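Q: If it helps, the file is called protein20.csv and holds CSV, C-alpha atoms and all ligand atoms:
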```csv
chain,number,residue,atom,x,y,z
A,1,MET,CA,-63.5,-76.8,72.1
A,2,ASN,CA,-62.9,-77.8,68.5
A,3,SER,CA,-60.9,-74.8,67.5
A,4,GLN,CA,-59.5,-75.2,64.0
A,5,PRO,CA,-55.8,-74.4,63.4
A,6,ILE,CA,-54.9,-72.0,60.6
A,7,PHE,CA,-51.4,-72.8,59.3
A,8,ASP,CA,-49.0,-70.3,57.9
A,9,ILE,CA,-47.3,-72.2,55.1
A,10,SER,CA,-45.2,-69.4,53.6
A,11,ASP,CA,-42.3,-71.8,54.3
A,12,PRO,CA,-43.8,-75.3,53.5
A,13,GLN,CA,-40.9,-77.0,55.3
A,14,ASN,CA,-41.8,-75.2,58.5
A,15,PRO,CA,-45.5,-74.7,58.7
A,16,TYR,CA,-46.8,-73.4,62.0
A,17,VAL,CA,-50.1,-72.7,63.6
A,18,ALA,CA,-50.6,-69.0,63.2
A,19,LYS,CA,-53.9,-69.0,65.0
A,20,TYR,CA,-56.6,-71.2,66.4
A,21,PHE,CA,-59.9,-70.2,64.9
A,22,LYS,CA,-63.2,-71.0,66.6
A,23,PRO,CA,-66.0,-71.3,64.1
A,24,SER,CA,-69.3,-69.7,65.3
A,25,PHE,CA,-71.3,-72.9,64.7
A,26,LEU,CA,-69.7,-76.1,65.8
A,27,MET,CA,-71.4,-79.3,64.9
A,28,GLY,CA,-68.5,-81.4,63.9
A,29,GLY,CA,-67.3,-79.5,60.9
A,30,SER,CA,-65.7,-81.8,58.4
A,31,ASP,CA,-65.1,-79.8,55.3
A,32,VAL,CA,-63.4,-76.6,54.4
A,33,ALA,CA,-63.1,-74.7,51.1
A,34,ILE,CA,-61.7,-71.4,50.1
A,35,ASN,CA,-62.9,-69.2,47.3
A,36,ILE,CA,-60.6,-66.2,47.0
A,37,ASP,CA,-61.3,-64.3,50.3
A,38,LEU,CA,-64.3,-66.4,51.3
A,39,LEU,CA,-63.9,-69.3,53.7
A,40,MET,CA,-66.6,-71.9,53.8
A,41,TYR,CA,-66.7,-74.2,56.8
A,42,GLY,CA,-69.3,-77.0,57.1
A,43,SER,CA,-70.2,-80.4,58.1
A,44,ALA,CA,-71.9,-83.5,56.6
A,45,GLY,CA,-74.6,-85.4,58.3
A,46,TYR,CA,-78.2,-84.9,59.4
A,47,SER,CA,-77.4,-81.7,61.1
A,48,SER,CA,-75.3,-80.4,58.3
A,49,TYR,CA,-74.7,-76.7,57.9
A,50,LEU,CA,-72.5,-74.2,56.1
A,51,SER,CA,-71.0,-71.1,57.6
A,52,LEU,CA,-69.2,-68.4,55.6
A,53,TYR,CA,-66.3,-66.2,56.8
A,54,SER,CA,-64.4,-63.4,55.2
A,55,ILE,CA,-60.7,-64.1,55.2
A,56,ILE,CA,-59.5,-60.8,53.9
A,57,GLY,CA,-57.4,-60.9,57.0
A,58,PRO,CA,-56.4,-64.6,56.7
A,59,PHE,CA,-55.7,-65.1,60.3
A,60,ASN,CA,-58.8,-63.3,61.5
A,61,PRO,CA,-61.8,-64.8,59.8
A,62,SER,CA,-64.9,-62.8,60.3
A,63,PHE,CA,-68.3,-64.4,60.3
A,64,LEU,CA,-70.6,-63.5,57.4
A,65,SER,CA,-73.5,-65.9,57.4
A,66,TYR,CA,-74.9,-69.3,58.1
A,67,ILE,CA,-77.0,-71.8,56.3
A,68,SER,CA,-78.6,-74.7,58.0
A,69,ASN,CA,-79.6,-77.8,56.0
A,70,PRO,CA,-83.3,-78.4,56.2
A,71,GLY,CA,-83.2,-81.4,53.9
A,72,ASN,CA,-81.8,-84.8,54.7
A,73,PHE,CA,-78.7,-84.5,52.6
A,74,ASP,CA,-77.2,-87.1,54.8
A,75,SER,CA,-74.0,-87.6,53.0
A,76,SER,CA,-73.6,-84.0,52.0
A,77,TYR,CA,-70.2,-82.6,51.1
A,78,LEU,CA,-69.3,-79.2,50.1
A,79,ILE,CA,-67.3,-78.5,47.0
A,80,SER,CA,-65.9,-75.4,45.4
A,81,ASP,CA,-64.3,-75.0,42.1
A,82,ASN,CA,-62.3,-72.0,43.3
A,83,ILE,CA,-63.6,-69.8,40.5
A,84,GLU,CA,-67.2,-69.2,41.2
A,85,PRO,CA,-68.5,-69.1,44.8
A,86,PHE,CA,-71.0,-71.9,44.4
A,87,PHE,CA,-71.3,-74.8,46.8
A,88,ILE,CA,-73.2,-78.1,46.4
A,89,SER,CA,-74.4,-80.5,49.0
A,90,TYR,CA,-75.9,-83.9,48.1
A,91,GLY,CA,-77.0,-87.2,49.5
A,92,SER,CA,-79.8,-89.7,49.6
A,93,ASP,CA,-82.6,-87.1,49.2
A,94,GLY,CA,-81.2,-85.1,46.3
A,95,PHE,CA,-78.9,-82.1,46.1
A,96,ARG,CA,-78.8,-78.4,46.8
A,97,ILE,CA,-77.0,-75.6,45.0
A,98,ILE,CA,-75.9,-72.6,47.1
A,99,ASN,CA,-74.9,-69.5,45.4
A,100,VAL,CA,-72.7,-67.4,47.8
A,101,SER,CA,-71.8,-64.6,45.4
A,102,ASN,CA,-73.3,-62.4,48.0
A,103,PRO,CA,-72.0,-64.2,51.2
A,104,ALA,CA,-74.3,-62.1,53.4
A,105,LEU,CA,-77.3,-63.4,51.6
A,106,PRO,CA,-76.7,-66.9,50.1
A,107,VAL,CA,-79.2,-68.1,47.6
A,108,VAL,CA,-80.3,-71.8,48.0
A,109,LYS,CA,-82.1,-74.1,45.7
A,110,ASN,CA,-83.0,-77.7,46.6
A,111,TYR,CA,-83.6,-80.4,44.0
A,112,ASP,CA,-85.0,-83.9,44.7
A,113,PHE,CA,-85.8,-85.3,41.3
A,114,LEU,CA,-82.5,-87.2,41.2
A,115,LYS,CA,-81.6,-89.4,44.2
A,116,PRO,CA,-79.7,-90.9,45.8
A,117,ILE,CA,-76.7,-88.9,44.7
A,118,ASP,CA,-73.4,-90.7,45.6
A,119,LYS,CA,-71.0,-88.2,44.1
A,120,ALA,CA,-70.9,-84.7,42.8
A,121,TYR,CA,-68.3,-82.6,41.1
A,122,LEU,CA,-68.7,-78.9,40.4
A,123,SER,CA,-66.9,-76.9,37.7
A,124,PHE,CA,-69.2,-74.0,37.2
A,125,PRO,CA,-71.4,-73.8,35.2
A,126,PHE,CA,-71.1,-77.6,35.0
A,127,LEU,CA,-72.3,-79.9,37.7
A,128,PHE,CA,-71.7,-83.6,37.5
A,129,LEU,CA,-73.9,-85.8,39.6
A,130,TYR,CA,-73.5,-89.5,40.0
A,131,SER,CA,-76.6,-91.5,40.7
A,132,ASN,CA,-77.5,-95.2,40.1
A,133,GLN,CA,-74.5,-96.0,38.0
A,134,ASN,CA,-75.1,-92.9,35.8
A,135,LEU,CA,-73.1,-89.7,35.6
A,136,TYR,CA,-75.3,-86.8,34.7
A,137,LEU,CA,-74.0,-83.4,33.5
A,138,TYR,CA,-76.1,-80.3,34.3
A,139,ASP,CA,-75.7,-76.7,33.3
A,140,ILE,CA,-76.4,-74.7,36.5
A,141,SER,CA,-75.9,-71.2,35.1
A,142,ASP,CA,-79.3,-70.5,36.4
A,143,ILE,CA,-79.6,-72.3,39.7
A,144,PHE,CA,-83.4,-72.1,39.5
A,145,ASN,CA,-83.6,-73.6,36.1
A,146,ILE,CA,-80.9,-76.1,35.6
A,147,SER,CA,-80.7,-78.2,32.4
A,148,LEU,CA,-79.5,-81.7,31.7
A,149,LEU,CA,-76.8,-81.7,29.0
A,150,SER,CA,-75.8,-85.4,28.8
A,151,SER,CA,-75.3,-88.6,30.8
A,152,ILE,CA,-72.9,-91.5,30.8
A,153,SER,CA,-73.6,-95.0,32.1
A,154,ILE,CA,-70.5,-95.9,34.1
A,155,ASN,CA,-69.3,-97.3,37.4
A,156,ALA,CA,-67.6,-94.1,38.7
A,157,GLY,CA,-65.1,-94.0,41.5
A,158,SER,CA,-63.5,-90.6,41.7
A,159,ILE,CA,-64.3,-87.7,39.4
A,160,PHE,CA,-62.2,-84.8,38.2
A,161,TYR,CA,-63.1,-82.4,35.5
A,162,GLU,CA,-60.9,-79.9,33.7
A,163,SER,CA,-62.4,-78.5,30.5
A,164,PRO,CA,-62.8,-80.2,28.2
A,165,TYR,CA,-61.8,-83.5,29.8
A,166,LEU,CA,-63.4,-85.6,32.5
A,167,PHE,CA,-61.2,-87.9,34.4
A,168,LEU,CA,-62.8,-90.9,36.2
A,169,THR,CA,-61.6,-93.9,38.0
A,170,SER,CA,-63.8,-96.9,37.2
A,171,SER,CA,-63.0,-100.3,38.7
A,172,ASN,CA,-59.3,-100.7,37.9
A,173,ASN,CA,-59.2,-98.2,35.1
A,174,LEU,CA,-58.6,-94.6,34.5
A,175,VAL,CA,-61.1,-93.3,32.0
A,176,ILE,CA,-61.0,-90.0,30.2
A,177,TYR,CA,-63.9,-88.5,28.4
A,178,ASP,CA,-63.8,-85.6,26.0
A,179,PHE,CA,-66.6,-83.0,26.8
A,180,SER,CA,-65.7,-80.5,24.2
A,181,ASP,CA,-69.3,-80.8,23.2
A,182,PRO,CA,-71.0,-81.2,26.6
A,183,LYS,CA,-74.1,-82.7,24.9
A,184,PHE,CA,-72.1,-85.4,23.2
A,185,PRO,CA,-69.2,-86.6,25.4
A,186,TYR,CA,-67.1,-89.4,24.0
A,187,LEU,CA,-64.7,-91.8,25.4
A,188,PHE,CA,-61.2,-90.5,24.8
A,189,ALA,CA,-58.9,-93.0,26.7
A,190,ASP,CA,-59.3,-96.0,28.9
A,191,ILE,CA,-56.2,-97.1,30.9
A,192,ASN,CA,-56.0,-100.2,32.9
A,193,LEU,CA,-54.3,-99.4,36.2
A,194,LYS,CA,-54.5,-103.0,37.5
A,195,ARG,CA,-55.7,-101.7,40.8
A,196,SER,CA,-58.4,-99.6,42.4
A,197,CYS,CA,-57.4,-96.0,42.5
A,198,SER,CA,-58.9,-92.5,43.1
A,199,ILE,CA,-57.9,-89.2,41.5
A,200,LEU,CA,-56.2,-87.1,44.2
A,201,ASN,CA,-54.9,-84.2,42.2
A,202,LYS,CA,-54.3,-82.8,38.7
A,203,TYR,CA,-52.0,-80.0,38.2
A,204,GLU,CA,-51.0,-79.0,34.6
A,205,ASN,CA,-49.7,-82.2,33.0
A,206,GLU,CA,-49.4,-84.0,36.3
A,207,LEU,CA,-52.1,-86.4,37.5
A,208,ILE,CA,-51.8,-88.0,40.9
A,209,LEU,CA,-53.7,-91.1,41.9
A,210,GLY,CA,-54.0,-92.8,45.3
A,211,CYS,CA,-54.3,-96.5,45.0
A,212,LEU,CA,-55.3,-99.2,47.4
A,213,ILE,CA,-52.8,-101.9,48.1
A,214,SER,CA,-54.3,-105.4,48.7
A,215,ASP,CA,-53.4,-106.8,52.1
A,216,ALA,CA,-52.1,-103.4,53.3
A,217,GLN,CA,-55.2,-101.3,53.9
A,218,ASN,CA,-53.4,-98.7,55.9
A,219,LYS,CA,-51.1,-97.8,53.0
A,220,THR,CA,-51.7,-95.9,49.8
A,221,LEU,CA,-49.7,-96.2,46.7
A,222,LEU,CA,-49.4,-92.7,45.1
A,223,MET,CA,-48.9,-92.8,41.4
A,224,LYS,CA,-47.9,-89.7,39.4
A,225,PHE,CA,-48.6,-89.7,35.7
A,226,ASP,CA,-47.4,-87.4,33.0
A,227,ILE,CA,-50.5,-86.7,30.9
A,228,SER,CA,-48.9,-84.4,28.3
A,229,ASN,CA,-50.2,-87.0,25.9
A,230,LEU,CA,-53.7,-87.8,27.2
A,231,LYS,CA,-54.0,-90.9,25.0
A,232,ASP,CA,-50.9,-92.4,26.5
A,233,PRO,CA,-50.3,-91.2,30.1
A,234,ILE,CA,-46.8,-92.1,31.4
A,235,LEU,CA,-46.3,-93.4,34.9
A,236,GLU,CA,-43.6,-91.1,36.1
A,237,SER,CA,-43.1,-92.1,39.7
A,238,MET,CA,-44.7,-93.9,42.6
A,239,CYS,CA,-44.3,-93.9,46.4
A,240,TYR,CA,-46.0,-95.5,49.4
A,241,THR,CA,-47.5,-93.6,52.2
A,242,ASN,CA,-48.1,-95.1,55.6
A,243,GLU,CA,-51.7,-94.1,55.8
A,244,TYR,CA,-54.6,-93.5,53.5
A,245,VAL,CA,-54.5,-90.2,51.7
A,246,TYR,CA,-57.8,-88.4,51.9
A,247,HIS,CA,-57.0,-85.2,50.1
A,248,LEU,CA,-53.9,-83.9,48.3
A,249,SER,CA,-53.3,-80.3,47.3
A,250,ARG,CA,-50.4,-78.8,45.5
A,251,TYR,CA,-49.0,-75.5,46.7
A,252,LYS,CA,-45.9,-74.3,44.8
A,253,SER,CA,-43.7,-77.4,44.6
A,254,TYR,CA,-45.2,-79.0,47.7
A,255,LEU,CA,-47.9,-81.6,48.1
A,256,PHE,CA,-50.1,-81.3,51.2
A,257,ALA,CA,-51.7,-84.6,52.1
A,258,SER,CA,-54.3,-85.1,54.7
A,259,GLN,CA,-53.8,-88.6,56.1
A,260,GLY,CA,-56.2,-89.4,58.9
A,261,SER,CA,-54.5,-90.1,62.2
A,262,MET,CA,-51.1,-89.1,60.7
A,263,GLY,CA,-52.5,-85.6,60.2
A,264,LEU,CA,-51.3,-83.3,57.5
A,265,ASN,CA,-48.1,-84.3,55.8
A,266,ILE,CA,-46.2,-82.2,53.4
A,267,TYR,CA,-44.3,-83.9,50.6
A,268,SER,CA,-41.7,-82.3,48.4
A,269,ASP,CA,-42.7,-84.6,45.5
A,270,ILE,CA,-43.7,-88.1,44.6
A,271,LYS,CA,-40.4,-89.8,43.8
A,272,GLU,CA,-39.2,-93.3,43.7
A,273,ASP,CA,-35.9,-93.9,42.1
A,274,CYS,CA,-36.2,-97.5,41.2
A,275,ILE,CA,-39.1,-97.3,38.7
A,276,ASP,CA,-36.8,-97.2,35.7
A,277,SER,CA,-35.1,-100.5,36.8
A,278,LEU,CA,-38.3,-102.3,38.0
A,279,GLY,CA,-37.8,-106.0,37.5
A,280,ASP,CA,-34.1,-105.8,36.6
A,281,ILE,CA,-32.8,-107.0,39.9
A,282,ASN,CA,-29.2,-107.5,38.9
A,283,MET,CA,-29.3,-104.1,37.0
A,284,ASN,CA,-27.7,-105.3,33.8
A,285,GLY,CA,-30.3,-103.5,31.6
A,286,LYS,CA,-32.3,-106.6,30.7
A,287,ILE,CA,-35.1,-108.5,32.5
A,288,THR,CA,-34.4,-112.2,32.3
A,289,SER,CA,-34.8,-115.4,34.1
A,290,ILE,CA,-31.8,-114.5,36.3
A,291,ASP,CA,-33.9,-111.7,37.7
A,292,SER,CA,-36.9,-113.9,38.5
A,293,SER,CA,-34.6,-116.5,40.1
A,294,LEU,CA,-33.0,-113.8,42.3
A,295,VAL,CA,-36.5,-112.9,43.5
A,296,LEU,CA,-37.2,-116.5,44.3
A,297,GLN,CA,-33.9,-117.0,46.0
A,298,TYR,CA,-34.6,-114.0,48.2
A,299,ILE,CA,-38.1,-115.3,49.1
A,300,VAL,CA,-36.6,-118.6,50.3
A,301,GLY,CA,-33.8,-116.9,52.2
A,302,MET,CA,-30.9,-118.0,50.0
A,303,ILE,CA,-29.8,-114.5,49.3
A,304,ASP,CA,-30.3,-111.0,50.7
A,305,LEU,CA,-31.2,-107.9,48.8
A,306,ASN,CA,-30.3,-104.3,49.6
A,307,GLU,CA,-32.9,-101.6,49.8
A,308,GLU,CA,-32.6,-100.6,46.1
A,309,GLU,CA,-32.8,-104.2,45.0
A,310,LYS,CA,-35.8,-104.8,47.1
A,311,CYS,CA,-37.5,-101.8,45.6
A,312,ILE,CA,-36.7,-103.1,42.1
A,313,ALA,CA,-37.9,-106.6,43.0
A,314,ASP,CA,-41.3,-105.5,44.2
A,315,VAL,CA,-42.7,-105.2,40.7
A,316,ASP,CA,-46.4,-105.3,41.6
A,317,ARG,CA,-45.8,-102.6,44.2
A,318,ASN,CA,-47.6,-104.2,47.1
A,319,ASP,CA,-44.7,-103.4,49.4
A,320,LYS,CA,-43.8,-107.1,49.7
A,321,ILE,CA,-41.6,-109.4,47.7
A,322,THR,CA,-43.5,-112.5,46.9
A,323,ALA,CA,-43.8,-115.2,44.2
A,324,MET,CA,-46.1,-112.9,42.4
A,325,ASP,CA,-43.2,-110.6,41.7
A,326,ALA,CA,-41.2,-113.5,40.2
A,327,TYR,CA,-44.3,-114.6,38.2
A,328,TYR,CA,-44.7,-111.1,36.7
A,329,ILE,CA,-41.1,-111.1,35.6
A,330,PHE,CA,-41.6,-114.6,34.0
A,331,GLN,CA,-44.6,-113.2,32.2
A,332,CYS,CA,-42.5,-110.3,30.9
A,333,ILE,CA,-39.8,-112.7,29.7
A,334,ASN,CA,-42.4,-114.8,27.9
A,335,ASN,CA,-43.8,-111.6,26.2
A,336,ASN,CA,-47.0,-112.1,28.0
A,337,TYR,CA,-47.8,-108.5,28.8
A,338,GLU,CA,-51.6,-108.7,29.3
A,339,ASN,CA,-51.6,-109.4,33.0
A,340,LEU,CA,-48.6,-107.3,34.0
A,341,PRO,CA,-49.3,-104.7,36.7
A,342,PHE,CA,-47.1,-102.2,34.8
A,343,ILE,CA,-45.2,-102.0,31.6
A,344,PHE,CA,-41.5,-102.6,32.5
A,345,ARG,CA,-39.2,-99.9,31.3
A,346,THR,CA,-36.3,-102.3,31.0
A,347,PRO,CA,-36.6,-104.7,28.0
A,348,CYS,CA,-37.6,-108.3,28.8
A,349,GLY,CA,-36.0,-111.2,27.0
A,350,ASN,CA,-34.8,-114.7,27.2
A,351,LYS,CA,-31.1,-113.9,26.7
A,352,ASN,CA,-29.2,-113.3,29.9
A,401,CA,CA,-31.4,-108.3,34.7
A,402,CA,CA,-44.6,-107.5,45.4
```
Would you mind writing the structure in this file as structure tokens?
A:
Amino acid sequence: MNSQPIFDISDPQNPYVAKYFKPSFLMGGSDVAINIDLLMYGSAGYSSYLSLYSIIGPFNPSFLSYISNPGNFDSSYLISDNIEPFFISYGSDGFRIINVSNPALPVVKNYDFLKPIDKAYLSFPFLFLYSNQNLYLYDISDIFNISLLSSISINAGSIFYESPYLFLTSSNNLVIYDFSDPKFPYLFADINLKRSCSILNKYENELILGCLISDAQNKTLLMKFDISNLKDPILESMCYTNEYVYHLSRYKSYLFASQGSMGLNIYSDIKEDCIDSLGDINMNGKITSIDSSLVLQYIVGMIDLNEEEKCIADVDRNDKITAMDAYYIFQCINNNYENLPFIFRTPCGNKN
């Protein structure tokens, strides 16, 4: 029961199950992380645990050690920064730091002075902990004597850190803090995304967000930003996925998305060709009242639109063409940019 597949993804277009791997301790494992040749497999919940395997032979993991969770870290998750073999679990009763530098003899330290902990992010030696609307940054170089460096009062959604920047989603915004001096972080950029998103992946100058679509809860809008200029991220492409994206990893030029009942999907990229023309339904290089009237005519059934035109007409990206789309085009024509879901790339104007 509950064997875990190990995929060979040498050819990402034809992944196959190389082997089924049966972990030694099965209590509903929900999380997996790899640190060089160390595989960590564990579960959240009251009976949470962590087991460690050597994957020097990737298709023949060998059991190294096991840590049960004596505390009630009831929403514990396990995170790895892929550099240092440290793992964190956290929940309503505090957090624990597990140093697995020696996998045969993991070192564990529990802390309960800060709780409940809703989110955690590890980038050794930094540990970010989110509790009661505050994000705390600790230095955990010495896991028995950790020190608080700074804290930010914020409503944090998802958290991603890559020195020296901290990326956060907060309400409908993407917020970037500069932690060059970890004791004195400062707000670097605050971008209104007009929707609730979470950070799925950052790779070099690419930042991928997964956003909720109102009225379509089973869909995720993936948005890929070019963040070469952090002060002014550029929305490069978007696409819809048919099911919520829980995790997204990049391997070479492929994106691996775990999508609940749809399983693991492999995407070649996030592409949508119509983004440059968004709002310009008749594709004459200008967004005008003709475009908004075309949207309205489509809604009432007077005209039909082809697939590309439909893509261009759905300016608020909710996968439906409604009066809101026409409204946003009107706003653009009237130079009222404040409430637009995105900045249109095509110029807006009164002249047809
Ligand atoms: Ca036009
Ligand atoms: Ca729409």
Q: Which of these residues is nearest to Ser68 (chain A), using all atoms listed in the file: A:Gly91, A:Pro106, A:Pro233, A:Gly279?
A: A:Pro106
Q: Tell me which of A:Cys348, A:Leu135, A:Ile329, A:Leu264 sits closest to Leu296 (chain A), counting all atoms listed in the file.
A: A:Ile329
Q: Find the distance between CA of Asn173 (chain A) and CA of Leu193 (chain A) and write it in Å to one decimal.
A: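 Rounded to one decimal, the two atoms are 5.2 Å apart.
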Q: Select the residues contacting ligand CA 402 (chain A) at a distance of at most 10 Å, based on all atoms listed in the file, then format the selection as a list in words.
A: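 For ligand CA 402 (chain A), the residues inside 10 Å are Val295, Lys310, Cys311, Ile312, Ala313, Asp314, Val315, Asp316, Arg317, Asn318, Asp319, Lys320, Ile321, Thr322, Ala323, Met324, Asp325, Ala326 and Tyr328 of chain A.
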Q: Would you list the contacts of Asn110 (chain A) as a PyMOL selection string, taking every protein, DNA or RNA residue within 9 Å and counting only C-alpha atoms, but skipping same-chain residues closer than 3 positions in sequence?
A: chain A and resi 71+94-98
Q: Closest to Asn265 (chain A) among A:Thr220, A:Gln13, A:Ser3, A:Ser147, using all atoms listed in the file?
A: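 Using all atoms listed in the file, Asn265 (chain A) sits closest to A:Gln13.
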Q: Quote the spacing between CA of Ser249 (chain A) and CA of Ser198 (chain A) in Å to one decimal place.
A: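 Those two atoms sit 14.1 Å apart.
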Q: Using all atoms listed in the file, find each residue with an atom at most 10 Å away from ligand CA 401 (chain A) and format the answer as a list in words.
A: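 Counting all atoms listed in the file, the residues within 10 Å of ligand CA 401 (chain A) come out as Ser277, Leu278, Gly279, Asp280, Ile281, Asn282, Met283, Asn284, Gly285, Lys286, Ile287, Thr288, Ser289, Ile290, Asp291, Ser292, Leu294, Thr346, Pro347, Cys348, Gly349, Lys351 and Asn352 of chain A.
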Q: Show me, as a PyMOL selection string, the residues that have an atom within 8 Å of Phe184 (chain A) when counting only C-alpha atoms, minus same-chain residues fewer than 3 positions from it.
A: chain A and resi 150+179+181
Q: For Tyr20 (chain A), work out the shell of residues within 9 Å, counting all atoms listed in the file and skipping chain neighbours fewer than 5 positions away, then give it as a ChimeraX atom specification.
A: /A:3-7,59
Q: Kindly indicate which residue among A:Cys332, A:Ala104, A:Ile56, A:Leu212 lies nearest to Tyr246 (chain A), using only C-alpha atoms for the distances.
A: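 The closest residue to Tyr246 (chain A) is A:Leu212.
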Q: In Å to one decimal, how far is CA of Val107 (chain A) from CA of Leu52 (chain A)?
A: 12.8 Å
Q: So which residues touch Leu105 (chain A) within 8 Å, counting only C-alpha atoms, skipping near sequence neighbours fewer than 3 positions away, as number ranges by chain?
A: A: 65, 100, 102
Q: Considering all atoms listed in the file, return as a list in words whatever protein or nucleic-acid residues lie within 7 Å of Ser62 (chain A), sequence-local ones (same chain, fewer than 4 positions apart) excluded.
A: Tyr53, Ser54 and Ile55 of chain A
Q: How would region 52-63 of chain A look with N, CA and C atoms restored, written as a PDB file, in the coordinates of the input?
A:
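That gives us result.pdb:
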```pdb
ATOM      1  N   LEU A  52     -70.072 -69.181  56.533  1.00  0.00           N
ATOM      2  CA  LEU A  52     -69.200 -68.400  55.600  1.00  0.00           C
ATOM      3  C   LEU A  52     -68.462 -67.335  56.418  1.00  0.00           C
ATOM      4  N   TYR A  53     -67.187 -67.229  56.111  1.00  0.00           N
ATOM      5  CA  TYR A  53     -66.300 -66.200  56.800  1.00  0.00           C
ATOM      6  C   TYR A  53     -65.575 -65.456  55.737  1.00  0.00           C
ATOM      7  N   SER A  54     -65.317 -64.223  56.032  1.00  0.00           N
ATOM      8  CA  SER A  54     -64.400 -63.400  55.200  1.00  0.00           C
ATOM      9  C   SER A  54     -63.003 -63.670  55.714  1.00  0.00           C
ATOM     10  N   ILE A  55     -62.073 -63.948  54.787  1.00  0.00           N
ATOM     11  CA  ILE A  55     -60.700 -64.100  55.200  1.00  0.00           C
ATOM     12  C   ILE A  55     -59.782 -63.090  54.534  1.00  0.00           C
ATOM     13  N   ILE A  56     -60.321 -61.894  54.402  1.00  0.00           N
ATOM     14  CA  ILE A  56     -59.500 -60.800  53.900  1.00  0.00           C
ATOM     15  C   ILE A  56     -58.278 -60.643  54.767  1.00  0.00           C
ATOM     16  N   GLY A  57     -58.496 -60.736  56.084  1.00  0.00           N
ATOM     17  CA  GLY A  57     -57.400 -60.900  57.000  1.00  0.00           C
ATOM     18  C   GLY A  57     -57.298 -62.397  57.303  1.00  0.00           C
ATOM     19  N   PRO A  58     -56.349 -63.130  56.650  1.00  0.00           N
ATOM     20  CA  PRO A  58     -56.400 -64.600  56.700  1.00  0.00           C
ATOM     21  C   PRO A  58     -56.355 -65.198  58.066  1.00  0.00           C
ATOM     22  N   PHE A  59     -55.775 -64.495  59.019  1.00  0.00           N
ATOM     23  CA  PHE A  59     -55.700 -65.100  60.300  1.00  0.00           C
ATOM     24  C   PHE A  59     -56.769 -64.576  61.288  1.00  0.00           C
ATOM     25  N   ASN A  60     -57.643 -63.755  60.750  1.00  0.00           N
ATOM     26  CA  ASN A  60     -58.800 -63.300  61.500  1.00  0.00           C
ATOM     27  C   ASN A  60     -60.074 -63.391  60.769  1.00  0.00           C
ATOM     28  N   PRO A  61     -60.516 -64.609  60.548  1.00  0.00           N
ATOM     29  CA  PRO A  61     -61.800 -64.800  59.800  1.00  0.00           C
ATOM     30  C   PRO A  61     -62.914 -64.097  60.479  1.00  0.00           C
ATOM     31  N   SER A  62     -63.726 -63.412  59.697  1.00  0.00           N
ATOM     32  CA  SER A  62     -64.900 -62.800  60.300  1.00  0.00           C
ATOM     33  C   SER A  62     -66.174 -63.427  59.766  1.00  0.00           C
ATOM     34  N   PHE A  63     -67.073 -63.728  60.676  1.00  0.00           N
ATOM     35  CA  PHE A  63     -68.300 -64.400  60.300  1.00  0.00           C
ATOM     36  C   PHE A  63     -69.202 -63.607  59.434  1.00  0.00           C
TER      37      PHE A  63
END
```
